[in-house]
>>> print(open('structure.pdb').read())   # PDB, C-alpha atoms
ATOM      1  CA  MET A 284     -17.286 -15.046  11.360
ATOM      2  CA  HIS A 285     -20.896 -15.628  10.289
ATOM      3  CA  VAL A 286     -21.936 -14.267   6.904
ATOM      4  CA  ASP A 287     -24.544 -11.990   8.485
ATOM      5  CA  SER A 288     -21.917 -10.504  10.811
ATOM      6  CA  ILE A 289     -19.503  -9.445   8.066
ATOM      7  CA  PRO A 290     -19.124  -5.633   8.081
ATOM      8  CA  THR A 291     -20.595  -3.991   4.993
ATOM      9  CA  LEU A 292     -19.201  -0.455   5.190
ATOM     10  CA  LEU A 293     -15.695   0.883   4.800
ATOM     11  CA  LYS A 294     -14.170   4.343   4.935
ATOM     12  CA  TRP A 295     -10.900   5.365   3.343
ATOM     13  CA  SER A 296      -8.669   8.404   2.973
ATOM     14  CA  GLY A 297      -5.440   8.911   1.053
ATOM     15  CA  TYR A 298      -2.884  11.693   0.923
ATOM     16  CA  THR A 299       0.606  12.221  -0.516
ATOM     17  CA  ASP A 300       3.263  14.946  -0.175
ATOM     18  CA  ARG A 301       6.617  15.325  -1.919
ATOM     19  CA  GLY A 302       8.239  16.409   1.375
ATOM     20  CA  LYS A 303      10.793  19.146   2.038
ATOM     21  CA  VAL A 304      13.741  17.919  -0.032
ATOM     22  CA  ARG A 305      12.801  16.059  -3.214
ATOM     23  CA  PRO A 306      11.849  18.171  -6.268
ATOM     24  CA  ASN A 307       9.144  15.750  -7.446
ATOM     25  CA  ASN A 308       6.830  13.151  -5.926
ATOM     26  CA  GLU A 309       7.734   9.555  -6.828
ATOM     27  CA  ASP A 310       4.913   8.100  -4.686
ATOM     28  CA  ALA A 311       1.487   7.109  -5.989
ATOM     29  CA  PHE A 312      -1.629   5.602  -4.444
ATOM     30  CA  LEU A 313      -4.821   4.059  -5.744
ATOM     31  CA  ALA A 314      -8.359   3.209  -4.594
ATOM     32  CA  LEU A 315     -10.608   1.047  -6.784
ATOM     33  CA  GLN A 316     -14.069  -0.486  -6.603
ATOM     34  CA  PHE A 317     -14.739  -3.348  -9.036
ATOM     35  CA  ASP A 318     -16.720  -6.462  -9.855
ATOM     36  CA  ALA A 319     -16.957  -8.837 -12.836
ATOM     37  CA  ARG A 320     -18.630  -6.178 -14.970
ATOM     38  CA  GLU A 321     -17.130  -2.764 -14.249
ATOM     39  CA  ILE A 322     -14.524  -0.774 -12.400
ATOM     40  CA  HIS A 323     -14.686   2.586 -10.627
ATOM     41  CA  ARG A 324     -11.715   4.660  -9.601
ATOM     42  CA  LEU A 325     -12.440   6.113  -6.178
ATOM     43  CA  GLY A 326     -11.566   9.557  -4.860
ATOM     44  CA  LYS A 327      -9.023  10.427  -2.198
ATOM     45  CA  SER A 328     -11.560   9.802   0.570
ATOM     46  CA  GLY A 329     -15.045   8.445   1.035
ATOM     47  CA  GLU A 330     -17.208   5.683   2.413
ATOM     48  CA  THR A 331     -19.246   2.986   0.715
ATOM     49  CA  SER A 332     -20.850  -0.424   1.089
ATOM     50  CA  THR A 333     -18.817  -3.580   0.552
ATOM     51  CA  ALA A 334     -21.880  -5.761   0.009
ATOM     52  CA  GLN A 335     -21.874  -5.976  -3.807
ATOM     53  CA  THR A 336     -18.328  -5.252  -4.988
ATOM     54  CA  ASP A 337     -14.656  -5.798  -4.149
ATOM     55  CA  PHE A 338     -12.097  -3.076  -3.479
ATOM     56  CA  ALA A 339      -8.390  -2.599  -4.117
ATOM     57  CA  PHE A 340      -6.068  -0.137  -2.408
ATOM     58  CA  ALA A 341      -2.384   0.300  -3.230
ATOM     59  CA  VAL A 342       0.673   2.460  -2.619
ATOM     60  CA  SER A 343       3.846   2.516  -4.703
ATOM     61  CA  ASP A 344       7.205   4.261  -4.310
ATOM     62  CA  GLY A 345       9.123   4.716  -7.545
ATOM     63  CA  MET A 346      12.893   4.836  -7.978
ATOM     64  CA  GLY A 347      15.181   5.852 -10.820
ATOM     65  CA  GLY A 348      17.046   8.777 -12.323
ATOM     66  CA  ALA A 349      15.410  11.943 -13.658
ATOM     67  CA  LEU A 350      11.644  11.270 -13.808
ATOM     68  CA  ALA A 351      11.947   7.463 -14.017
ATOM     69  CA  GLY A 352      10.856   6.991 -10.396
ATOM     70  CA  GLU A 353       7.777   9.126 -10.891
ATOM     71  CA  TYR A 354       6.858   7.193 -14.037
ATOM     72  CA  ALA A 355       7.465   3.854 -12.313
ATOM     73  CA  SER A 356       5.031   4.380  -9.440
ATOM     74  CA  ARG A 357       2.312   5.781 -11.696
ATOM     75  CA  ILE A 358       2.663   2.972 -14.227
ATOM     76  CA  THR A 359       2.503   0.472 -11.364
ATOM     77  CA  VAL A 360      -0.817   1.710  -9.969
ATOM     78  CA  GLU A 361      -2.301   2.245 -13.440
ATOM     79  CA  LYS A 362      -1.543  -1.363 -14.373
ATOM     80  CA  ILE A 363      -3.613  -2.518 -11.399
ATOM     81  CA  THR A 364      -6.702  -0.818 -12.827
ATOM     82  CA  THR A 365      -6.591  -3.127 -15.867
ATOM     83  CA  LEU A 366      -4.984  -6.308 -14.529
ATOM     84  CA  LEU A 367      -7.070  -6.853 -11.399
ATOM     85  CA  PRO A 368     -10.544  -6.479 -12.969
ATOM     86  CA  ARG A 369      -9.394  -8.571 -15.956
ATOM     87  CA  SER A 370      -8.419 -11.393 -13.621
ATOM     88  CA  PHE A 371     -11.762 -11.062 -11.862
ATOM     89  CA  LYS A 372     -13.614 -11.400 -15.160
ATOM     90  CA  GLN A 373     -11.682 -14.508 -16.155
ATOM     91  CA  SER A 374     -13.712 -16.475 -13.635
ATOM     92  CA  ALA A 375     -17.024 -17.605 -15.150
ATOM     93  CA  THR A 376     -18.873 -16.780 -11.927
ATOM     94  CA  GLY A 377     -16.988 -13.595 -11.103
ATOM     95  CA  PHE A 378     -15.651 -15.331  -7.979
ATOM     96  CA  ILE A 379     -11.926 -15.763  -7.443
ATOM     97  CA  THR A 380     -10.955 -19.036  -5.793
ATOM     98  CA  ASP A 381      -7.224 -18.389  -5.443
ATOM     99  CA  TYR A 382      -6.320 -14.812  -4.625
ATOM    100  CA  ASN A 383      -2.623 -15.660  -4.327
ATOM    101  CA  ASP A 384      -2.447 -16.837  -7.947
ATOM    102  CA  VAL A 385      -4.125 -13.654  -9.166
ATOM    103  CA  LEU A 386      -1.867 -11.389  -7.088
ATOM    104  CA  THR A 387       1.276 -13.270  -8.120
ATOM    105  CA  GLU A 388       0.370 -12.846 -11.790
ATOM    106  CA  LEU A 389      -0.445  -9.167 -11.268
ATOM    107  CA  PHE A 390       2.956  -8.467  -9.683
ATOM    108  CA  SER A 391       4.672 -10.393 -12.476
ATOM    109  CA  GLU A 392       2.879  -8.403 -15.184
ATOM    110  CA  VAL A 393       3.710  -5.060 -13.557
ATOM    111  CA  HIS A 394       7.345  -6.148 -13.254
ATOM    112  CA  LYS A 395       7.489  -7.088 -16.950
ATOM    113  CA  ALA A 396       5.999  -3.733 -17.952
ATOM    114  CA  LEU A 397       8.577  -1.771 -15.936
ATOM    115  CA  VAL A 398      11.466  -3.870 -17.252
ATOM    116  CA  TYR A 399      10.273  -3.389 -20.843
ATOM    117  CA  LEU A 400       9.894   0.369 -20.498
ATOM    118  CA  GLY A 401      13.214   0.649 -18.688
ATOM    119  CA  SER A 402      15.001  -1.110 -21.539
ATOM    120  CA  SER A 403      13.119   0.687 -24.308
ATOM    121  CA  TYR A 404      13.297   4.345 -23.305
ATOM    122  CA  GLU A 405      16.321   6.238 -22.045
ATOM    123  CA  GLU A 406      14.247   8.373 -19.680
ATOM    124  CA  CYS A 407      12.906   5.196 -18.054
ATOM    125  CA  HIS A 408      16.265   3.449 -17.683
ATOM    126  CA  GLY A 409      16.648   1.766 -14.299
ATOM    127  CA  MET A 410      13.089   2.456 -13.160
ATOM    128  CA  GLU A 411      11.933   0.418 -10.166
ATOM    129  CA  ALA A 412       8.959   0.517  -7.826
ATOM    130  CA  THR A 413       7.697  -0.904  -4.586
ATOM    131  CA  LEU A 414       4.091  -2.086  -4.420
ATOM    132  CA  THR A 415       1.845  -2.806  -1.477
ATOM    133  CA  LEU A 416      -1.626  -3.873  -2.591
ATOM    134  CA  CYS A 417      -4.748  -4.816  -0.624
ATOM    135  CA  TRP A 418      -7.778  -6.584  -2.090
ATOM    136  CA  LEU A 419     -10.883  -6.440   0.094
ATOM    137  CA  SER A 420     -13.586  -9.055  -0.395
ATOM    138  CA  PRO A 421     -16.398  -9.793   2.106
ATOM    139  CA  GLY A 422     -14.765 -10.550   5.461
ATOM    140  CA  TRP A 423     -11.193 -10.756   4.161
ATOM    141  CA  LEU A 424      -8.284  -8.558   3.176
ATOM    142  CA  HIS A 425      -5.812 -10.266   0.826
ATOM    143  CA  PHE A 426      -2.507  -8.544   0.164
ATOM    144  CA  GLY A 427       0.577  -8.666  -2.005
ATOM    145  CA  HIS A 428       3.788  -6.788  -1.261
ATOM    146  CA  ILE A 429       7.299  -6.148  -2.533
ATOM    147  CA  GLY A 430       9.795  -3.466  -1.437
ATOM    148  CA  ASP A 431       9.735  -1.289   1.667
ATOM    149  CA  SER A 432       6.359   0.391   1.476
ATOM    150  CA  ARG A 433       4.235  -0.980   4.304
ATOM    151  CA  LEU A 434       0.894  -2.480   5.293
ATOM    152  CA  TYR A 435      -0.143  -2.058   8.928
ATOM    153  CA  TYR A 436      -3.084  -3.609  10.780
ATOM    154  CA  LEU A 437      -4.649  -2.051  13.879
ATOM    155  CA  PRO A 438      -7.270  -4.471  15.277
ATOM    156  CA  ALA A 439     -10.437  -2.969  16.737
ATOM    157  CA  LYS A 440      -9.784  -4.004  20.331
ATOM    158  CA  GLU A 441      -6.033  -3.472  20.480
ATOM    159  CA  ASP A 442      -3.675  -0.515  20.760
ATOM    160  CA  GLN A 443      -0.690  -2.322  19.260
ATOM    161  CA  ILE A 444      -0.258  -1.821  15.527
ATOM    162  CA  LYS A 445       1.002  -4.801  13.518
ATOM    163  CA  GLN A 446       3.154  -4.572  10.404
ATOM    164  CA  LEU A 447       1.794  -7.250   8.054
ATOM    165  CA  SER A 448       4.255  -6.562   5.228
ATOM    166  CA  HIS A 449       7.944  -7.417   5.465
ATOM    167  CA  ASP A 450      10.466  -4.765   4.425
ATOM    168  CA  ASP A 451      12.574  -6.271   1.629
ATOM    169  CA  THR A 452      15.796  -4.976   3.182
ATOM    170  CA  HIS A 453      18.482  -6.538   5.374
ATOM    171  CA  VAL A 454      17.637  -3.965   8.038
ATOM    172  CA  GLY A 455      14.013  -5.116   7.921
ATOM    173  CA  TRP A 456      15.160  -8.699   8.473
ATOM    174  CA  LEU A 457      17.271  -7.618  11.448
ATOM    175  CA  TYR A 458      14.292  -5.811  12.999
ATOM    176  CA  ARG A 459      11.808  -8.667  12.406
ATOM    177  CA  ASN A 460      14.198 -11.097  14.084
ATOM    178  CA  GLY A 461      14.797  -8.912  17.118
ATOM    179  CA  LYS A 462      18.405  -8.077  16.260
ATOM    180  CA  ILE A 463      17.819  -4.319  16.370
ATOM    181  CA  SER A 464      15.191  -1.999  17.881
ATOM    182  CA  GLU A 465      12.636   0.168  16.064
ATOM    183  CA  ARG A 466      14.815   3.220  16.746
ATOM    184  CA  GLU A 467      17.926   1.479  15.388
ATOM    185  CA  ALA A 468      16.050   0.323  12.287
ATOM    186  CA  ARG A 469      14.838   3.872  11.618
ATOM    187  CA  THR A 470      18.353   5.327  11.719
ATOM    188  CA  HIS A 471      20.344   2.472  10.158
ATOM    189  CA  PRO A 472      22.450   3.770   7.218
ATOM    190  CA  ARG A 473      21.348   0.886   4.951
ATOM    191  CA  ARG A 474      17.635   0.980   5.797
ATOM    192  CA  THR A 475      16.658   2.078   2.259
ATOM    193  CA  VAL A 476      18.784  -0.484   0.363
ATOM    194  CA  LEU A 477      16.206  -2.790  -1.245
ATOM    195  CA  GLN A 478      16.778  -6.485  -1.853
ATOM    196  CA  LYS A 479      13.609  -6.810  -3.970
ATOM    197  CA  ALA A 480      11.544  -4.446  -6.127
ATOM    198  CA  LEU A 481       9.554  -4.391  -9.353
ATOM    199  CA  GLY A 482      11.439  -3.493 -12.532
ATOM    200  CA  GLY A 483      15.089  -2.516 -12.740
ATOM    201  CA  GLY A 484      17.599  -5.346 -12.845
ATOM    202  CA  ASN A 485      15.502  -7.698 -10.740
ATOM    203  CA  GLN A 486      15.180 -11.004 -12.601
ATOM    204  CA  PHE A 487      12.455 -12.671 -10.576
ATOM    205  CA  VAL A 488       9.397 -11.419  -8.744
ATOM    206  CA  ASP A 489       8.520 -13.171  -5.506
ATOM    207  CA  PRO A 490       5.976 -11.009  -3.666
ATOM    208  CA  GLN A 491       4.955 -11.589  -0.082
ATOM    209  CA  LEU A 492       1.339 -12.763  -0.027
ATOM    210  CA  GLY A 493      -1.081 -12.974   2.875
ATOM    211  CA  ALA A 494      -4.610 -12.544   4.148
ATOM    212  CA  VAL A 495      -6.329 -11.416   7.328
ATOM    213  CA  GLY A 496      -9.978 -11.577   8.342
ATOM    214  CA  TYR A 497     -11.448  -8.253   9.382
ATOM    215  CA  GLU A 498     -14.236  -7.035  11.657
ATOM    216  CA  SER A 499     -15.872  -3.738  12.519
ATOM    217  CA  GLY A 500     -13.450  -1.252  14.045
ATOM    218  CA  ASP A 501     -10.346  -2.651  12.344
ATOM    219  CA  ILE A 502      -8.059  -0.152  10.609
ATOM    220  CA  PHE A 503      -5.498  -0.818   7.883
ATOM    221  CA  LEU A 504      -2.767   1.599   6.832
ATOM    222  CA  LEU A 505      -0.743   1.484   3.623
ATOM    223  CA  CYS A 506       2.204   3.874   3.489
ATOM    224  CA  THR A 507       5.536   4.595   1.859
ATOM    225  CA  ASP A 508       8.786   4.707   3.810
ATOM    226  CA  GLY A 509       8.616   8.496   4.089
ATOM    227  CA  LEU A 510       5.905   8.112   6.726
ATOM    228  CA  VAL A 511       8.075   5.762   8.772
ATOM    229  CA  GLU A 512      10.927   8.288   8.627
ATOM    230  CA  GLY A 513       8.796  10.796  10.502
ATOM    231  CA  LEU A 514       6.526   8.808  12.819
ATOM    232  CA  TYR A 515       7.087   6.022  15.329
ATOM    233  CA  ASP A 516       4.447   3.306  15.588
ATOM    234  CA  HIS A 517       2.879   4.757  18.745
ATOM    235  CA  HIS A 518       2.421   8.141  17.024
ATOM    236  CA  VAL A 519       0.635   6.411  14.157
ATOM    237  CA  VAL A 520      -1.707   4.648  16.590
ATOM    238  CA  GLU A 521      -2.511   7.925  18.372
ATOM    239  CA  ILE A 522      -3.617   9.555  15.121
ATOM    240  CA  LEU A 523      -5.577   6.525  13.909
ATOM    241  CA  ARG A 524      -7.377   6.223  17.259
ATOM    242  CA  GLU A 525      -8.268   9.914  17.565
ATOM    243  CA  LYS A 526     -11.937  10.352  18.361
ATOM    244  CA  SER A 527     -13.755  13.069  16.490
ATOM    245  CA  LYS A 528     -17.388  13.931  16.000
ATOM    246  CA  SER A 529     -16.519  15.642  12.767
ATOM    247  CA  ARG A 530     -16.813  13.432   9.669
ATOM    248  CA  GLN A 531     -14.337  15.716   7.905
ATOM    249  CA  SER A 532     -11.730  15.193  10.638
ATOM    250  CA  ARG A 533     -12.136  11.433  10.455
ATOM    251  CA  ALA A 534     -11.749  11.568   6.683
ATOM    252  CA  ASP A 535      -8.488  13.478   7.047
ATOM    253  CA  ARG A 536      -6.566  10.809   8.994
ATOM    254  CA  ALA A 537      -4.251  10.122   6.049
ATOM    255  CA  GLN A 538      -3.561  13.829   5.663
ATOM    256  CA  ARG A 539      -2.839  14.163   9.393
ATOM    257  CA  LEU A 540      -0.373  11.275   9.273
ATOM    258  CA  VAL A 541       1.449  12.639   6.234
ATOM    259  CA  LYS A 542       1.615  16.238   7.435
ATOM    260  CA  GLU A 543       2.989  15.242  10.846
ATOM    261  CA  ALA A 544       5.544  12.895   9.264
ATOM    262  CA  VAL A 545       6.704  15.606   6.853
ATOM    263  CA  GLU A 546       6.921  18.132   9.685
ATOM    264  CA  LYS A 547       9.126  15.791  11.737
ATOM    265  CA  SER A 548      11.280  14.584   8.823
ATOM    266  CA  GLY A 549      10.267  15.429   5.253
ATOM    267  CA  ARG A 550      13.410  14.012   3.674
ATOM    268  CA  ASP A 551      11.389  11.731   1.410
ATOM    269  CA  ASN A 552       8.073  11.655  -0.435
ATOM    270  CA  THR A 553       5.385  10.601   2.034
ATOM    271  CA  THR A 554       2.103   8.797   1.361
ATOM    272  CA  ALA A 555      -0.608   7.269   3.555
ATOM    273  CA  LEU A 556      -3.812   5.400   2.704
ATOM    274  CA  VAL A 557      -6.097   4.623   5.659
ATOM    275  CA  ILE A 558      -8.891   2.018   5.434
ATOM    276  CA  GLU A 559     -11.378   1.707   8.281
ATOM    277  CA  ILE A 560     -13.875  -1.140   8.562
ATOM    278  CA  VAL A 561     -17.154   0.135  10.012
TER     279      VAL A 561
END
>>> encode(input="structure.pdb", output="structure tokens")
Amino acid sequence: MHVDSIPTLLKWSGYTDRGKVRPNNEDAFLALQFDAREIHRLGKSGETSTAQTDFAFAVSDGMGGALAGEYASRITVEKITTLLPRSFKQSATGFITDYNDVLTELFSEVHKALVYLGSSYEECHGMEATLTLCWLSPGWLHFGHIGDSRLYYLPAKEDQIKQLSHDDTHVGWLYRNGKISEREARTHPRRTVLQKALGGGNQFVDPQLGAVGYESGDIFLLCTDGLVEGLYDHHVVEILREKSKSRQSRADRAQRLVKEAVEKSGRDNTTALVIEIV
């Protein structure tokens, strides 16, 4: 991709719902704009130029007794607002040469914070969280992931959505290796049993790391497992590909995804964060 052909506009929308069953919402999401000098927390939806700054988008699903899960996801996304810009500033030029090193350190620091709080305060005992994080720089989306929240990629010229993140569950492994179907994975009794997460009794943090080049028309979706409970992949694609002349309707894609997922299932907290490259 030539430098002058790199898209310079992105649109995003985020939405979360506690669902029909759970008394509180243990999901959290985040949208940030930052450079070597400053950081801006973005609203639930909007559009802006990517020419001068980088962006971070994240979703987290917290787990734990009482309010520990709710604390865990919020602490996780709040930590990103300090750790990511700090890492950016540590480079003399404001240019990161190894995104994987920065993301690995970020996941490690969040993990340490959750473990410390979980061991220090009774109300935080056992707190854990998933984290799926995207870092957009010109032409590239770098990501880090742990748990069973998800990152999807819908290329501009395709109708097949791709799951970039790997579910850190045995059921996820079975599905990735063709041992079970999407329907079987969605209804498997052990689909929510995590093998890796931040915090809790997990000793080591080994996030999945990756990167994908993007072009105009590409769409990325970050979501928690509540969305997957309610919507099959083809339903997600239908909503993401909906054509609308209304800017408001296009900005509400995340809300549409969440509301339809909750209507069809609603057994879990449900969160979606949609990023469209223009």
>>> closest_residue(input="structure.pdb", among="A:Asn308, A:Gln335, A:Ser296, A:Gln316", to="A:Gly352", atoms="all atoms listed in the file")
A:Asn308
>>> closest_residue(input="structure.pdb", among="A:Asp337, A:Asp344, A:Glu411, A:Asp431", to="A:Thr291", atoms="all atoms listed in the file")
A:Asp337
>>> residues_around(input="structure.pdb", residues="stretch 537-554 of chain A", least_positions_apart="5", cutoff="8 Å", atoms="all atoms listed in the file", output="list in words")
Ser296, Gly297, Tyr298, Thr299, Asp300, Arg301, Gly302, Lys303, Val304, Arg305, Asn308, Glu309, Asp310, Ala311, Phe312, Val342, Cys506, Thr507, Asp508, Gly509, Leu510, Val511, Glu512, Gly513, Leu514, Val519 and Ile522 of chain A
>>> resolve_selection(input="structure.pdb", expression="the PyMOL selection byres ((chain A and resi 497-505) around 6)", output="short mmCIF file (atom, residue, chain, number, x, y, z; two decimals) with C-alpha atoms, in the frame of the given file")
data_model
loop_
_atom_site.label_atom_id
_atom_site.label_comp_id
_atom_site.auth_asym_id
_atom_site.auth_seq_id
_atom_site.Cartn_x
_atom_site.Cartn_y
_atom_site.Cartn_z
CA PRO A 290 -19.12 -5.63 8.08
CA GLY A 422 -14.76 -10.55 5.46
CA TRP A 423 -11.19 -10.76 4.16
CA ARG A 433 4.24 -0.98 4.30
CA LEU A 434 0.89 -2.48 5.29
CA TYR A 435 -0.14 -2.06 8.93
CA TYR A 436 -3.08 -3.61 10.78
CA LEU A 437 -4.65 -2.05 13.88
CA PRO A 438 -7.27 -4.47 15.28
CA ALA A 439 -10.44 -2.97 16.74
CA GLY A 496 -9.98 -11.58 8.34
CA CYS A 506 2.20 3.87 3.49
CA ALA A 555 -0.61 7.27 3.56
CA LEU A 556 -3.81 5.40 2.70
CA VAL A 557 -6.10 4.62 5.66
CA ILE A 558 -8.89 2.02 5.43
CA GLU A 559 -11.38 1.71 8.28
CA ILE A 560 -13.88 -1.14 8.56
CA VAL A 561 -17.15 0.14 10.01
#
>>> resolve_selection(input="structure.pdb", expression="the PyMOL selection byres ((chain A and resi 330) around 8)", output="list in words")
Leu292, Leu293, Lys294, Trp295, Ser328, Gly329, Thr331 and Ser332 of chain A
>>> resolve_selection(input="structure.pdb", expression="the PyMOL selection byres ((chain A and resi 442-453) around 8)", output="list of chain:residue names")
A:His428, A:Ile429, A:Gly430, A:Asp431, A:Ser432, A:Arg433, A:Leu434, A:Tyr435, A:Tyr436, A:Leu437, A:Pro438, A:Lys440, A:Glu441, A:Val454, A:Gly455, A:Trp456, A:Leu457, A:Arg473, A:Arg474, A:Thr475, A:Val476, A:Leu477, A:Gln478, A:Lys479, A:Gln491, A:Asp516, A:His517, A:Val520
>>> residues_near_point(input="structure.pdb", point="(2.0, -14.1, -4.6)", cutoff="12 Å", atoms="all atoms listed in the file", output="list in words")
Asp381, Tyr382, Asn383, Asp384, Val385, Leu386, Thr387, Glu388, Leu389, Phe390, Ser391, Thr415, Leu416, His425, Phe426, Gly427, His428, Ile429, Val488, Asp489, Pro490, Gln491, Leu492, Gly493 and Ala494 of chain A
>>> atom_distance(input="structure.pdb", atom1="atom CA of A:Tyr354", atom2="atom CA of A:Thr336")
29.5 Å
>>> closest_residue(input="structure.pdb", among="A:Ser464, A:Thr470, A:Thr359, A:Asn307", to="A:Leu400", atoms="all atoms listed in the file")
A:Thr359
>>> closest_residue(input="structure.pdb", among="A:Phe340, A:Met410, A:Lys526, A:Leu366", to="A:Glu353", atoms="only C-alpha atoms")
A:Met410
>>> closest_residue(input="structure.pdb", among="A:Val398, A:Met346, A:Ile289, A:Cys407", to="A:Thr333", atoms="all atoms listed in the file")
A:Ile289
>>> atom_distance(input="structure.pdb", atom1="atom CA of A:Leu481", atom2="atom CA of A:Gly348")
15.4 Å
>>> atom_distance(input="structure.pdb", atom1="atom CA of A:Val495", atom2="atom CA of A:Ala334")
18.1 Å
>>> closest_residue(input="structure.pdb", among="A:Gly482, A:Gly326, A:Gly409, A:Pro472", to="A:Ala351", atoms="all atoms listed in the file")
A:Gly409
>>> build_atoms(input="structure.pdb", residues="stretch 403-419 of chain A", atoms="N, CA and C atoms", output="PDB file, in the frame of the given file")
ATOM      1  N   SER A 403      13.529   0.129 -23.016  1.00  0.00           N
ATOM      2  CA  SER A 403      13.119   0.687 -24.308  1.00  0.00           C
ATOM      3  C   SER A 403      13.296   2.200 -24.407  1.00  0.00           C
ATOM      4  N   TYR A 404      13.260   2.881 -23.293  1.00  0.00           N
ATOM      5  CA  TYR A 404      13.297   4.345 -23.305  1.00  0.00           C
ATOM      6  C   TYR A 404      14.366   4.850 -22.344  1.00  0.00           C
ATOM      7  N   GLU A 405      15.208   5.730 -22.845  1.00  0.00           N
ATOM      8  CA  GLU A 405      16.321   6.238 -22.045  1.00  0.00           C
ATOM      9  C   GLU A 405      15.848   6.904 -20.764  1.00  0.00           C
ATOM     10  N   GLU A 406      14.731   7.658 -20.861  1.00  0.00           N
ATOM     11  CA  GLU A 406      14.247   8.373 -19.680  1.00  0.00           C
ATOM     12  C   GLU A 406      13.671   7.441 -18.610  1.00  0.00           C
ATOM     13  N   CYS A 407      13.447   6.175 -19.003  1.00  0.00           N
ATOM     14  CA  CYS A 407      12.906   5.196 -18.054  1.00  0.00           C
ATOM     15  C   CYS A 407      13.963   4.203 -17.582  1.00  0.00           C
ATOM     16  N   HIS A 408      15.199   4.399 -18.008  1.00  0.00           N
ATOM     17  CA  HIS A 408      16.265   3.449 -17.683  1.00  0.00           C
ATOM     18  C   HIS A 408      16.425   3.294 -16.163  1.00  0.00           C
ATOM     19  N   GLY A 409      16.435   2.043 -15.716  1.00  0.00           N
ATOM     20  CA  GLY A 409      16.648   1.766 -14.299  1.00  0.00           C
ATOM     21  C   GLY A 409      15.432   1.955 -13.417  1.00  0.00           C
ATOM     22  N   MET A 410      14.277   2.219 -13.991  1.00  0.00           N
ATOM     23  CA  MET A 410      13.089   2.456 -13.160  1.00  0.00           C
ATOM     24  C   MET A 410      12.718   1.211 -12.349  1.00  0.00           C
ATOM     25  N   GLU A 411      12.380   1.459 -11.087  1.00  0.00           N
ATOM     26  CA  GLU A 411      11.933   0.418 -10.166  1.00  0.00           C
ATOM     27  C   GLU A 411      10.777   0.967  -9.339  1.00  0.00           C
ATOM     28  N   ALA A 412      10.054   0.068  -8.693  1.00  0.00           N
ATOM     29  CA  ALA A 412       8.959   0.517  -7.826  1.00  0.00           C
ATOM     30  C   ALA A 412       8.671  -0.521  -6.758  1.00  0.00           C
ATOM     31  N   THR A 413       8.271  -0.031  -5.603  1.00  0.00           N
ATOM     32  CA  THR A 413       7.697  -0.904  -4.586  1.00  0.00           C
ATOM     33  C   THR A 413       6.199  -1.004  -4.873  1.00  0.00           C
ATOM     34  N   LEU A 414       5.542  -1.989  -4.301  1.00  0.00           N
ATOM     35  CA  LEU A 414       4.091  -2.086  -4.420  1.00  0.00           C
ATOM     36  C   LEU A 414       3.534  -2.817  -3.207  1.00  0.00           C
ATOM     37  N   THR A 415       2.604  -2.174  -2.548  1.00  0.00           N
ATOM     38  CA  THR A 415       1.845  -2.806  -1.477  1.00  0.00           C
ATOM     39  C   THR A 415       0.376  -2.685  -1.859  1.00  0.00           C
ATOM     40  N   LEU A 416      -0.278  -3.818  -2.028  1.00  0.00           N
ATOM     41  CA  LEU A 416      -1.626  -3.873  -2.591  1.00  0.00           C
ATOM     42  C   LEU A 416      -2.554  -4.683  -1.691  1.00  0.00           C
ATOM     43  N   CYS A 417      -3.719  -4.127  -1.401  1.00  0.00           N
ATOM     44  CA  CYS A 417      -4.748  -4.816  -0.624  1.00  0.00           C
ATOM     45  C   CYS A 417      -5.972  -5.047  -1.492  1.00  0.00           C
ATOM     46  N   TRP A 418      -6.554  -6.224  -1.376  1.00  0.00           N
ATOM     47  CA  TRP A 418      -7.778  -6.584  -2.090  1.00  0.00           C
ATOM     48  C   TRP A 418      -8.806  -6.988  -1.042  1.00  0.00           C
ATOM     49  N   LEU A 419      -9.850  -6.174  -0.897  1.00  0.00           N
ATOM     50  CA  LEU A 419     -10.883  -6.440   0.094  1.00  0.00           C
ATOM     51  C   LEU A 419     -12.076  -7.139  -0.540  1.00  0.00           C
TER      52      LEU A 419
END
